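Just below is one structure, and these are the notes that go with it.
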Amino acid sequence: MKYAKRILTISLGLALSGAAISANAIDWWQLGNTKVGPQKTLQEVHQYFKEQFPKMTLAQYALGSYAFNKQAYQQYQEAIQFNPGDLTLSQGKALWNKKFSDGKTYASCFANGGKGVAAGFPYYDNKTHQVVTSAMRINACRVENHLAPLKYGSSSLIALQTYFGSLSNGMPTDVKVAGPGAVAAFEEGKAYYFMHRGQLNFSCASCHIAYAGKYLRAQIISPLLGQSAHYPTYRSAWGAVNTFQKRFMGCDKKVGAAPQKLQSSEYRDLDYFMTYIDNGVKINVPGYRP
């Protein structure tokens, strides 16, 4: 495994300040152990956050940093009344329902017309031996209907991903990891999440596990748990709706690491790992973030 072999044993003293840890509690760096398997990893991550934030419900993790501050949560409630991301959602709906030259639509490529399907994305395809994301499947639908694939990160594809995701709103994330290939992809994504890189020598876990719920300057750091459930999301920092993988690119840049390309195997595996960890958290697309 390309990244699993590069995980470092870390003891940087980044434990959450003020958190009560019992003798049997899981320290955050222990979560990077690649030998326990997907199900055990999910259980340990959920248990870790339950120990750190015992009053938080699983549903609240979908709120990200807003769950940690009442004033911020009130601002969030006001913002989502007129979420700018709803414009992208409307654009996606129009594209989704527009007929191809053969009379079919995107809905014809998905079970149940796409309703509830995004809750199981991304998934591992045993035929192609890779993780398949919604962007890939939407483009595959276009090719099946004699259209050229859309560019990853294009406004039209983002709009389609947003509408597709919204068809599972209110449903719990339910990603499957079954079989040797799927487990290997999951472990690659997990290894990338815990691997230190860039000029700052940070991993994703350095912030979103070790410092989850803590302030970085004026912002509260969101926890790993729940991060995928609102993507694609509108971020005021972007002034637009964008995807989970776009956020990966931004984080890599912030720690001084070269970002991967959208839909690279590295980011797809990372997406797979993070979304599987969110199993049980209800989907709410498009989200809204500062």
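Following the order of the structure tokens, chains are lettered A, B, ..., residues in each are numbered from 1, and ligands are numbered from 1.
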
Could you tell me, as a PyMOL selection string, which residues of range 119-210 of chain A DSSP assigns to strand (DSSP E or B) when given the backbone?
chain A and resi 123-125+130-132+172+197+202

Helix (DSSP H, G or I) residues, from DSSP on the backbone, in range 30-251 of chain A, as an mmCIF file with N, CA and C atoms, in the first residue's frame:
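states-v1.cif written:
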```
data_model
loop_
_atom_site.group_PDB
_atom_site.id
_atom_site.type_symbol
_atom_site.label_atom_id
_atom_site.label_comp_id
_atom_site.auth_asym_id
_atom_site.auth_seq_id
_atom_site.Cartn_x
_atom_site.Cartn_y
_atom_site.Cartn_z
ATOM 1 N N GLN A 30 -3.750 6.740 17.955
ATOM 2 C CA GLN A 30 -4.011 5.306 17.851
ATOM 3 C C GLN A 30 -5.003 4.999 16.732
ATOM 4 N N LEU A 31 -5.805 5.974 16.366
ATOM 5 C CA LEU A 31 -6.805 5.767 15.332
ATOM 6 C C LEU A 31 -6.163 5.526 13.969
ATOM 7 N N GLY A 32 -4.888 5.861 13.817
ATOM 8 C CA GLY A 32 -4.188 5.653 12.557
ATOM 9 C C GLY A 32 -3.677 4.240 12.361
ATOM 10 N N PRO A 38 -11.792 -1.733 8.498
ATOM 11 C CA PRO A 38 -12.752 -0.625 8.374
ATOM 12 C C PRO A 38 -13.762 -0.548 9.507
ATOM 13 N N GLN A 39 -14.417 -1.648 9.825
ATOM 14 C CA GLN A 39 -15.469 -1.607 10.840
ATOM 15 C C GLN A 39 -14.922 -1.206 12.199
ATOM 16 N N LYS A 40 -13.781 -1.758 12.575
ATOM 17 C CA LYS A 40 -13.171 -1.417 13.857
ATOM 18 C C LYS A 40 -12.712 0.035 13.854
ATOM 19 N N THR A 41 -12.180 0.496 12.735
ATOM 20 C CA THR A 41 -11.766 1.898 12.637
ATOM 21 C C THR A 41 -12.960 2.816 12.847
ATOM 22 N N LEU A 42 -14.080 2.516 12.179
ATOM 23 C CA LEU A 42 -15.288 3.325 12.346
ATOM 24 C C LEU A 42 -15.723 3.346 13.806
ATOM 25 N N GLN A 43 -15.752 2.201 14.440
ATOM 26 C CA GLN A 43 -16.166 2.110 15.838
ATOM 27 C C GLN A 43 -15.249 2.925 16.734
ATOM 28 N N GLU A 44 -13.951 2.855 16.481
ATOM 29 C CA GLU A 44 -12.995 3.577 17.316
ATOM 30 C C GLU A 44 -13.102 5.086 17.125
ATOM 31 N N VAL A 45 -13.301 5.521 15.875
ATOM 32 C CA VAL A 45 -13.450 6.964 15.621
ATOM 33 C C VAL A 45 -14.714 7.485 16.301
ATOM 34 N N HIS A 46 -15.812 6.773 16.143
ATOM 35 C CA HIS A 46 -17.062 7.198 16.780
ATOM 36 C C HIS A 46 -16.918 7.201 18.303
ATOM 37 N N GLN A 47 -16.244 6.184 18.836
ATOM 38 C CA GLN A 47 -16.046 6.121 20.283
ATOM 39 C C GLN A 47 -15.143 7.238 20.772
ATOM 40 N N TYR A 48 -14.115 7.540 19.995
ATOM 41 C CA TYR A 48 -13.192 8.624 20.360
ATOM 42 C C TYR A 48 -13.939 9.941 20.521
ATOM 43 N N PHE A 49 -14.760 10.282 19.531
ATOM 44 C CA PHE A 49 -15.477 11.546 19.599
ATOM 45 C C PHE A 49 -16.563 11.523 20.675
ATOM 46 N N LYS A 50 -17.116 10.362 20.937
ATOM 47 C CA LYS A 50 -18.094 10.250 22.023
ATOM 48 C C LYS A 50 -17.429 10.541 23.362
ATOM 49 N N GLU A 51 -16.186 10.090 23.533
ATOM 50 C CA GLU A 51 -15.442 10.356 24.766
ATOM 51 C C GLU A 51 -15.048 11.820 24.876
ATOM 52 N N GLN A 52 -14.685 12.416 23.751
ATOM 53 C CA GLN A 52 -14.254 13.816 23.768
ATOM 54 C C GLN A 52 -15.430 14.768 23.964
ATOM 55 N N ALA A 59 -26.185 13.220 15.147
ATOM 56 C CA ALA A 59 -26.806 14.163 14.215
ATOM 57 C C ALA A 59 -26.106 15.518 14.227
ATOM 58 N N GLN A 60 -25.607 15.922 15.390
ATOM 59 C CA GLN A 60 -24.972 17.232 15.499
ATOM 60 C C GLN A 60 -23.652 17.310 14.736
ATOM 61 N N TYR A 61 -23.020 16.173 14.512
ATOM 62 C CA TYR A 61 -21.744 16.197 13.793
ATOM 63 C C TYR A 61 -21.902 16.660 12.350
ATOM 64 N N ALA A 62 -23.097 16.537 11.797
ATOM 65 C CA ALA A 62 -23.343 17.039 10.448
ATOM 66 C C ALA A 62 -23.218 18.557 10.382
ATOM 67 N N LEU A 63 -23.280 19.224 11.544
ATOM 68 C CA LEU A 63 -23.163 20.684 11.598
ATOM 69 C C LEU A 63 -21.722 21.157 11.581
ATOM 70 N N GLY A 64 -20.774 20.234 11.763
ATOM 71 C CA GLY A 64 -19.371 20.622 11.785
ATOM 72 C C GLY A 64 -19.068 21.567 12.928
ATOM 73 N N SER A 65 -18.322 22.620 12.647
ATOM 74 C CA SER A 65 -17.903 23.562 13.686
ATOM 75 C C SER A 65 -19.078 24.303 14.312
ATOM 76 N N TYR A 66 -20.202 24.404 13.594
ATOM 77 C CA TYR A 66 -21.371 25.109 14.135
ATOM 78 C C TYR A 66 -21.931 24.424 15.380
ATOM 79 N N ALA A 67 -21.646 23.156 15.553
ATOM 80 C CA ALA A 67 -22.172 22.421 16.701
ATOM 81 C C ALA A 67 -21.468 22.797 18.003
ATOM 82 N N PHE A 68 -20.365 23.525 17.921
ATOM 83 C CA PHE A 68 -19.560 23.814 19.100
ATOM 84 C C PHE A 68 -19.764 25.205 19.670
ATOM 85 N N LYS A 70 -22.969 28.200 20.246
ATOM 86 C CA LYS A 70 -24.388 28.550 20.100
ATOM 87 C C LYS A 70 -24.587 29.751 19.181
ATOM 88 N N GLN A 71 -23.725 30.743 19.333
ATOM 89 C CA GLN A 71 -23.868 31.938 18.498
ATOM 90 C C GLN A 71 -23.622 31.603 17.030
ATOM 91 N N ALA A 72 -22.602 30.797 16.781
ATOM 92 C CA ALA A 72 -22.303 30.390 15.406
ATOM 93 C C ALA A 72 -23.447 29.561 14.833
ATOM 94 N N TYR A 73 -24.054 28.729 15.662
ATOM 95 C CA TYR A 73 -25.175 27.905 15.208
ATOM 96 C C TYR A 73 -26.375 28.771 14.838
ATOM 97 N N GLN A 74 -26.619 29.827 15.600
ATOM 98 C CA GLN A 74 -27.714 30.744 15.281
ATOM 99 C C GLN A 74 -27.459 31.437 13.938
ATOM 100 N N GLN A 75 -26.199 31.818 13.723
ATOM 101 C CA GLN A 75 -25.841 32.446 12.456
ATOM 102 C C GLN A 75 -26.034 31.465 11.292
ATOM 103 N N TYR A 76 -25.692 30.204 11.554
ATOM 104 C CA TYR A 76 -25.871 29.162 10.539
ATOM 105 C C TYR A 76 -27.346 28.998 10.180
ATOM 106 N N GLN A 77 -28.202 28.972 11.202
ATOM 107 C CA GLN A 77 -29.638 28.814 10.965
ATOM 108 C C GLN A 77 -30.191 29.950 10.117
ATOM 109 N N GLU A 78 -29.686 31.158 10.359
ATOM 110 C CA GLU A 78 -30.116 32.305 9.572
ATOM 111 C C GLU A 78 -29.604 32.190 8.135
ATOM 112 N N ALA A 79 -28.357 31.735 8.000
ATOM 113 C CA ALA A 79 -27.738 31.652 6.675
ATOM 114 C C ALA A 79 -28.431 30.643 5.777
ATOM 115 N N ILE A 80 -28.825 29.503 6.340
ATOM 116 C CA ILE A 80 -29.401 28.458 5.492
ATOM 117 C C ILE A 80 -30.839 28.760 5.075
ATOM 118 N N GLN A 81 -31.436 29.789 5.666
ATOM 119 C CA GLN A 81 -32.762 30.199 5.204
ATOM 120 C C GLN A 81 -32.691 30.694 3.766
ATOM 121 N N PHE A 82 -31.538 31.278 3.427
ATOM 122 C CA PHE A 82 -31.304 31.776 2.069
ATOM 123 C C PHE A 82 -29.923 31.301 1.617
ATOM 124 N N GLY A 85 -26.181 28.349 -1.941
ATOM 125 C CA GLY A 85 -25.980 27.086 -2.627
ATOM 126 C C GLY A 85 -27.240 26.554 -3.290
ATOM 127 N N ASP A 86 -28.399 27.077 -2.894
ATOM 128 C CA ASP A 86 -29.656 26.617 -3.488
ATOM 129 C C ASP A 86 -29.741 26.967 -4.975
ATOM 130 N N LEU A 87 -29.025 28.021 -5.393
ATOM 131 C CA LEU A 87 -29.001 28.364 -6.815
ATOM 132 C C LEU A 87 -28.318 27.254 -7.609
ATOM 133 N N THR A 88 -27.205 26.768 -7.089
ATOM 134 C CA THR A 88 -26.507 25.654 -7.741
ATOM 135 C C THR A 88 -27.384 24.411 -7.737
ATOM 136 N N LEU A 89 -28.096 24.202 -6.645
ATOM 137 C CA LEU A 89 -29.015 23.072 -6.547
ATOM 138 C C LEU A 89 -30.073 23.141 -7.651
ATOM 139 N N SER A 90 -30.632 24.316 -7.869
ATOM 140 C CA SER A 90 -31.648 24.504 -8.914
ATOM 141 C C SER A 90 -31.067 24.249 -10.303
ATOM 142 N N GLN A 91 -29.836 24.716 -10.519
ATOM 143 C CA GLN A 91 -29.166 24.482 -11.795
ATOM 144 C C GLN A 91 -28.963 22.989 -12.033
ATOM 145 N N GLY A 92 -28.576 22.302 -10.952
ATOM 146 C CA GLY A 92 -28.360 20.868 -11.058
ATOM 147 C C GLY A 92 -29.640 20.117 -11.369
ATOM 148 N N LYS A 93 -30.744 20.538 -10.754
ATOM 149 C CA LYS A 93 -32.042 19.897 -11.003
ATOM 150 C C LYS A 93 -32.449 20.054 -12.463
ATOM 151 N N ALA A 94 -32.236 21.252 -13.006
ATOM 152 C CA ALA A 94 -32.592 21.500 -14.401
ATOM 153 C C ALA A 94 -31.764 20.621 -15.340
ATOM 154 N N LEU A 95 -30.475 20.497 -15.056
ATOM 155 C CA LEU A 95 -29.605 19.648 -15.879
ATOM 156 C C LEU A 95 -29.991 18.173 -15.730
ATOM 157 N N TRP A 96 -30.315 17.773 -14.518
ATOM 158 C CA TRP A 96 -30.668 16.383 -14.231
ATOM 159 C C TRP A 96 -31.910 15.949 -15.016
ATOM 160 N N ASN A 97 -32.848 16.870 -15.150
ATOM 161 C CA ASN A 97 -34.120 16.543 -15.805
ATOM 162 C C ASN A 97 -34.134 16.843 -17.305
ATOM 163 N N TYR A 106 -30.461 11.840 -16.758
ATOM 164 C CA TYR A 106 -29.500 11.276 -15.798
ATOM 165 C C TYR A 106 -30.172 10.274 -14.868
ATOM 166 N N ALA A 107 -31.437 10.510 -14.566
ATOM 167 C CA ALA A 107 -32.158 9.614 -13.662
ATOM 168 C C ALA A 107 -32.193 8.188 -14.183
ATOM 169 N N SER A 108 -32.133 8.026 -15.512
ATOM 170 C CA SER A 108 -32.198 6.687 -16.099
ATOM 171 C C SER A 108 -30.964 5.848 -15.805
ATOM 172 N N CYS A 109 -29.898 6.501 -15.387
ATOM 173 C CA CYS A 109 -28.639 5.800 -15.117
ATOM 174 C C CYS A 109 -28.524 5.309 -13.682
ATOM 175 N N ALA A 111 -30.471 3.703 -10.037
ATOM 176 C CA ALA A 111 -31.608 3.002 -9.440
ATOM 177 C C ALA A 111 -32.549 4.002 -8.784
ATOM 178 N N ASN A 112 -33.834 3.777 -8.933
ATOM 179 C CA ASN A 112 -34.842 4.634 -8.314
ATOM 180 C C ASN A 112 -34.716 6.089 -8.751
ATOM 181 N N GLY A 113 -34.178 6.285 -9.958
ATOM 182 C CA GLY A 113 -34.020 7.641 -10.479
ATOM 183 C C GLY A 113 -32.993 8.467 -9.727
ATOM 184 N N GLY A 114 -32.203 7.810 -8.880
ATOM 185 C CA GLY A 114 -31.179 8.504 -8.096
ATOM 186 C C GLY A 114 -31.591 8.801 -6.677
ATOM 187 N N ALA A 118 -27.150 8.421 -3.477
ATOM 188 C CA ALA A 118 -25.921 9.102 -3.054
ATOM 189 C C ALA A 118 -25.485 8.703 -1.652
ATOM 190 N N ALA A 119 -26.412 8.197 -0.849
ATOM 191 C CA ALA A 119 -26.067 7.765 0.510
ATOM 192 C C ALA A 119 -25.039 6.641 0.500
ATOM 193 N N GLY A 120 -24.938 5.919 -0.617
ATOM 194 C CA GLY A 120 -23.975 4.824 -0.730
ATOM 195 C C GLY A 120 -22.738 5.173 -1.528
ATOM 196 N N SER A 134 -19.445 10.077 -7.259
ATOM 197 C CA SER A 134 -20.623 10.561 -7.989
ATOM 198 C C SER A 134 -20.216 11.276 -9.275
ATOM 199 N N ALA A 135 -19.112 11.999 -9.246
ATOM 200 C CA ALA A 135 -18.661 12.705 -10.450
ATOM 201 C C ALA A 135 -18.333 11.713 -11.564
ATOM 202 N N MET A 136 -17.680 10.622 -11.191
ATOM 203 C CA MET A 136 -17.330 9.602 -12.183
ATOM 204 C C MET A 136 -18.586 8.927 -12.737
ATOM 205 N N ARG A 137 -19.528 8.634 -11.870
ATOM 206 C CA ARG A 137 -20.729 7.932 -12.315
ATOM 207 C C ARG A 137 -21.604 8.831 -13.178
ATOM 208 N N ILE A 138 -21.662 10.115 -12.866
ATOM 209 C CA ILE A 138 -22.421 11.051 -13.692
ATOM 210 C C ILE A 138 -21.794 11.149 -15.080
ATOM 211 N N ASN A 139 -20.474 11.218 -15.125
ATOM 212 C CA ASN A 139 -19.791 11.271 -16.420
ATOM 213 C C ASN A 139 -19.968 9.970 -17.193
ATOM 214 N N ALA A 140 -19.970 8.851 -16.486
ATOM 215 C CA ALA A 140 -20.197 7.564 -17.149
ATOM 216 C C ALA A 140 -21.595 7.535 -17.762
ATOM 217 N N CYS A 141 -22.554 8.143 -17.075
ATOM 218 C CA CYS A 141 -23.921 8.243 -17.596
ATOM 219 C C CYS A 141 -23.941 9.035 -18.894
ATOM 220 N N ARG A 142 -23.185 10.100 -18.934
ATOM 221 C CA ARG A 142 -23.117 10.912 -20.143
ATOM 222 C C ARG A 142 -22.539 10.096 -21.303
ATOM 223 N N VAL A 143 -21.472 9.381 -21.034
ATOM 224 C CA VAL A 143 -20.840 8.572 -22.081
ATOM 225 C C VAL A 143 -21.806 7.495 -22.577
ATOM 226 N N GLU A 144 -22.537 6.881 -21.647
ATOM 227 C CA GLU A 144 -23.524 5.856 -22.016
ATOM 228 C C GLU A 144 -24.599 6.425 -22.924
ATOM 229 N N SER A 155 -18.567 23.845 -13.402
ATOM 230 C CA SER A 155 -19.787 24.280 -12.720
ATOM 231 C C SER A 155 -20.962 23.347 -13.002
ATOM 232 N N SER A 156 -21.059 22.839 -14.215
ATOM 233 C CA SER A 156 -22.167 21.945 -14.554
ATOM 234 C C SER A 156 -22.075 20.630 -13.792
ATOM 235 N N LEU A 157 -20.866 20.074 -13.707
ATOM 236 C CA LEU A 157 -20.707 18.811 -12.990
ATOM 237 C C LEU A 157 -20.947 19.003 -11.497
ATOM 238 N N ILE A 158 -20.477 20.112 -10.941
ATOM 239 C CA ILE A 158 -20.724 20.403 -9.522
ATOM 240 C C ILE A 158 -22.223 20.532 -9.261
ATOM 241 N N ALA A 159 -22.922 21.197 -10.170
ATOM 242 C CA ALA A 159 -24.369 21.360 -10.015
ATOM 243 C C ALA A 159 -25.070 19.999 -10.042
ATOM 244 N N LEU A 160 -24.653 19.130 -10.948
ATOM 245 C CA LEU A 160 -25.240 17.791 -11.029
ATOM 246 C C LEU A 160 -24.924 16.978 -9.775
ATOM 247 N N GLN A 161 -23.688 17.073 -9.283
ATOM 248 C CA GLN A 161 -23.325 16.372 -8.055
ATOM 249 C C GLN A 161 -24.146 16.876 -6.871
ATOM 250 N N THR A 162 -24.407 18.175 -6.863
ATOM 251 C CA THR A 162 -25.179 18.769 -5.771
ATOM 252 C C THR A 162 -26.610 18.245 -5.782
ATOM 253 N N TYR A 163 -27.230 18.243 -6.947
ATOM 254 C CA TYR A 163 -28.603 17.756 -7.014
ATOM 255 C C TYR A 163 -28.672 16.264 -6.708
ATOM 256 N N PHE A 164 -27.737 15.501 -7.239
ATOM 257 C CA PHE A 164 -27.685 14.062 -6.970
ATOM 258 C C PHE A 164 -27.562 13.812 -5.465
ATOM 259 N N GLY A 165 -26.690 14.557 -4.802
ATOM 260 C CA GLY A 165 -26.536 14.419 -3.356
ATOM 261 C C GLY A 165 -27.805 14.771 -2.610
ATOM 262 N N SER A 166 -28.513 15.798 -3.082
ATOM 263 C CA SER A 166 -29.724 16.258 -2.398
ATOM 264 C C SER A 166 -30.846 15.224 -2.456
ATOM 265 N N PRO A 180 -11.554 -7.664 -0.491
ATOM 266 C CA PRO A 180 -10.135 -7.255 -0.383
ATOM 267 C C PRO A 180 -9.812 -5.943 -1.076
ATOM 268 N N GLY A 181 -10.342 -5.735 -2.279
ATOM 269 C CA GLY A 181 -10.053 -4.504 -3.011
ATOM 270 C C GLY A 181 -10.597 -3.281 -2.310
ATOM 271 N N ALA A 182 -11.829 -3.388 -1.810
ATOM 272 C CA ALA A 182 -12.454 -2.275 -1.106
ATOM 273 C C ALA A 182 -11.704 -1.950 0.175
ATOM 274 N N VAL A 183 -11.308 -2.984 0.903
ATOM 275 C CA VAL A 183 -10.566 -2.774 2.155
ATOM 276 C C VAL A 183 -9.230 -2.105 1.866
ATOM 277 N N ALA A 184 -8.555 -2.551 0.789
ATOM 278 C CA ALA A 184 -7.265 -1.953 0.430
ATOM 279 C C ALA A 184 -7.426 -0.470 0.096
ATOM 280 N N ALA A 185 -8.490 -0.124 -0.649
ATOM 281 C CA ALA A 185 -8.736 1.284 -0.990
ATOM 282 C C ALA A 185 -9.042 2.088 0.262
ATOM 283 N N PHE A 186 -9.828 1.519 1.155
ATOM 284 C CA PHE A 186 -10.137 2.177 2.433
ATOM 285 C C PHE A 186 -8.854 2.453 3.217
ATOM 286 N N GLU A 187 -7.976 1.466 3.278
ATOM 287 C CA GLU A 187 -6.736 1.630 4.039
ATOM 288 C C GLU A 187 -5.808 2.659 3.402
ATOM 289 N N GLU A 188 -5.837 2.758 2.079
ATOM 290 C CA GLU A 188 -5.054 3.797 1.404
ATOM 291 C C GLU A 188 -5.576 5.181 1.777
ATOM 292 N N GLY A 189 -6.886 5.317 1.778
ATOM 293 C CA GLY A 189 -7.486 6.599 2.163
ATOM 294 C C GLY A 189 -7.197 6.941 3.606
ATOM 295 N N LYS A 190 -7.268 5.943 4.468
ATOM 296 C CA LYS A 190 -6.969 6.140 5.883
ATOM 297 C C LYS A 190 -5.515 6.553 6.074
ATOM 298 N N ALA A 191 -4.625 5.887 5.349
ATOM 299 C CA ALA A 191 -3.205 6.212 5.462
ATOM 300 C C ALA A 191 -2.927 7.644 5.010
ATOM 301 N N TYR A 192 -3.598 8.080 3.926
ATOM 302 C CA TYR A 192 -3.423 9.452 3.459
ATOM 303 C C TYR A 192 -3.902 10.434 4.517
ATOM 304 N N TYR A 193 -4.987 10.095 5.191
ATOM 305 C CA TYR A 193 -5.551 10.972 6.214
ATOM 306 C C TYR A 193 -4.589 11.172 7.380
ATOM 307 N N PHE A 194 -3.870 10.142 7.739
ATOM 308 C CA PHE A 194 -2.962 10.219 8.894
ATOM 309 C C PHE A 194 -1.502 10.509 8.512
ATOM 310 N N CYS A 204 -4.151 15.340 8.036
ATOM 311 C CA CYS A 204 -5.553 15.737 8.219
ATOM 312 C C CYS A 204 -5.949 15.556 9.680
ATOM 313 N N ALA A 205 -5.456 14.460 10.282
ATOM 314 C CA ALA A 205 -5.790 14.134 11.669
ATOM 315 C C ALA A 205 -5.237 15.144 12.657
ATOM 316 N N SER A 206 -4.132 15.802 12.306
ATOM 317 C CA SER A 206 -3.521 16.777 13.208
ATOM 318 C C SER A 206 -4.515 17.865 13.598
ATOM 319 N N CYS A 207 -5.363 18.237 12.642
ATOM 320 C CA CYS A 207 -6.366 19.271 12.921
ATOM 321 C C CYS A 207 -7.723 18.676 13.280
ATOM 322 N N HIS A 208 -8.225 17.797 12.409
ATOM 323 C CA HIS A 208 -9.629 17.402 12.486
ATOM 324 C C HIS A 208 -9.907 16.256 13.453
ATOM 325 N N GLN A 227 -17.949 15.257 8.307
ATOM 326 C CA GLN A 227 -17.488 16.226 7.313
ATOM 327 C C GLN A 227 -18.017 15.985 5.905
ATOM 328 N N SER A 228 -18.269 14.757 5.550
ATOM 329 C CA SER A 228 -18.707 14.485 4.175
ATOM 330 C C SER A 228 -20.192 14.755 3.954
ATOM 331 N N ALA A 229 -20.974 14.802 5.026
ATOM 332 C CA ALA A 229 -22.433 14.752 4.923
ATOM 333 C C ALA A 229 -23.058 15.979 4.265
ATOM 334 N N HIS A 230 -22.335 17.086 4.183
ATOM 335 C CA HIS A 230 -22.935 18.300 3.621
ATOM 336 C C HIS A 230 -22.306 18.707 2.288
ATOM 337 N N PHE A 244 -16.224 17.984 -2.020
ATOM 338 C CA PHE A 244 -15.389 17.479 -0.942
ATOM 339 C C PHE A 244 -13.924 17.447 -1.372
ATOM 340 N N GLN A 245 -13.674 16.989 -2.589
ATOM 341 C CA GLN A 245 -12.285 16.885 -3.055
ATOM 342 C C GLN A 245 -11.644 18.249 -3.264
ATOM 343 N N LYS A 246 -12.445 19.246 -3.604
ATOM 344 C CA LYS A 246 -11.920 20.613 -3.701
ATOM 345 C C LYS A 246 -11.415 21.067 -2.336
ATOM 346 N N ARG A 247 -12.112 20.649 -1.291
ATOM 347 C CA ARG A 247 -11.683 20.971 0.073
ATOM 348 C C ARG A 247 -10.377 20.256 0.410
ATOM 349 N N PHE A 248 -10.219 19.020 -0.068
ATOM 350 C CA PHE A 248 -8.965 18.300 0.134
ATOM 351 C C PHE A 248 -7.796 19.105 -0.462
ATOM 352 N N MET A 249 -8.014 19.620 -1.653
ATOM 353 C CA MET A 249 -6.967 20.392 -2.322
ATOM 354 C C MET A 249 -6.582 21.610 -1.495
ATOM 355 N N GLY A 250 -7.589 22.296 -0.953
ATOM 356 C CA GLY A 250 -7.322 23.481 -0.146
ATOM 357 C C GLY A 250 -6.545 23.160 1.109
ATOM 358 N N CYS A 251 -6.888 22.060 1.758
ATOM 359 C CA CYS A 251 -6.172 21.666 2.975
ATOM 360 C C CYS A 251 -4.732 21.295 2.674
#
```

Restricting the calculation to only C-alpha atoms: of A:Lys261, A:His146, A:Lys253, A:Lys151, which residue gets closest to Ser101 in chain A?
A:His146

Could you check how far CA of Ile26 in chain A sits from CA of Phe121 in chain A, in Å to one decimal?
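Spanning CA of Ile26 in chain A to CA of Phe121 in chain A is a straight-line distance of 28.4 Å.
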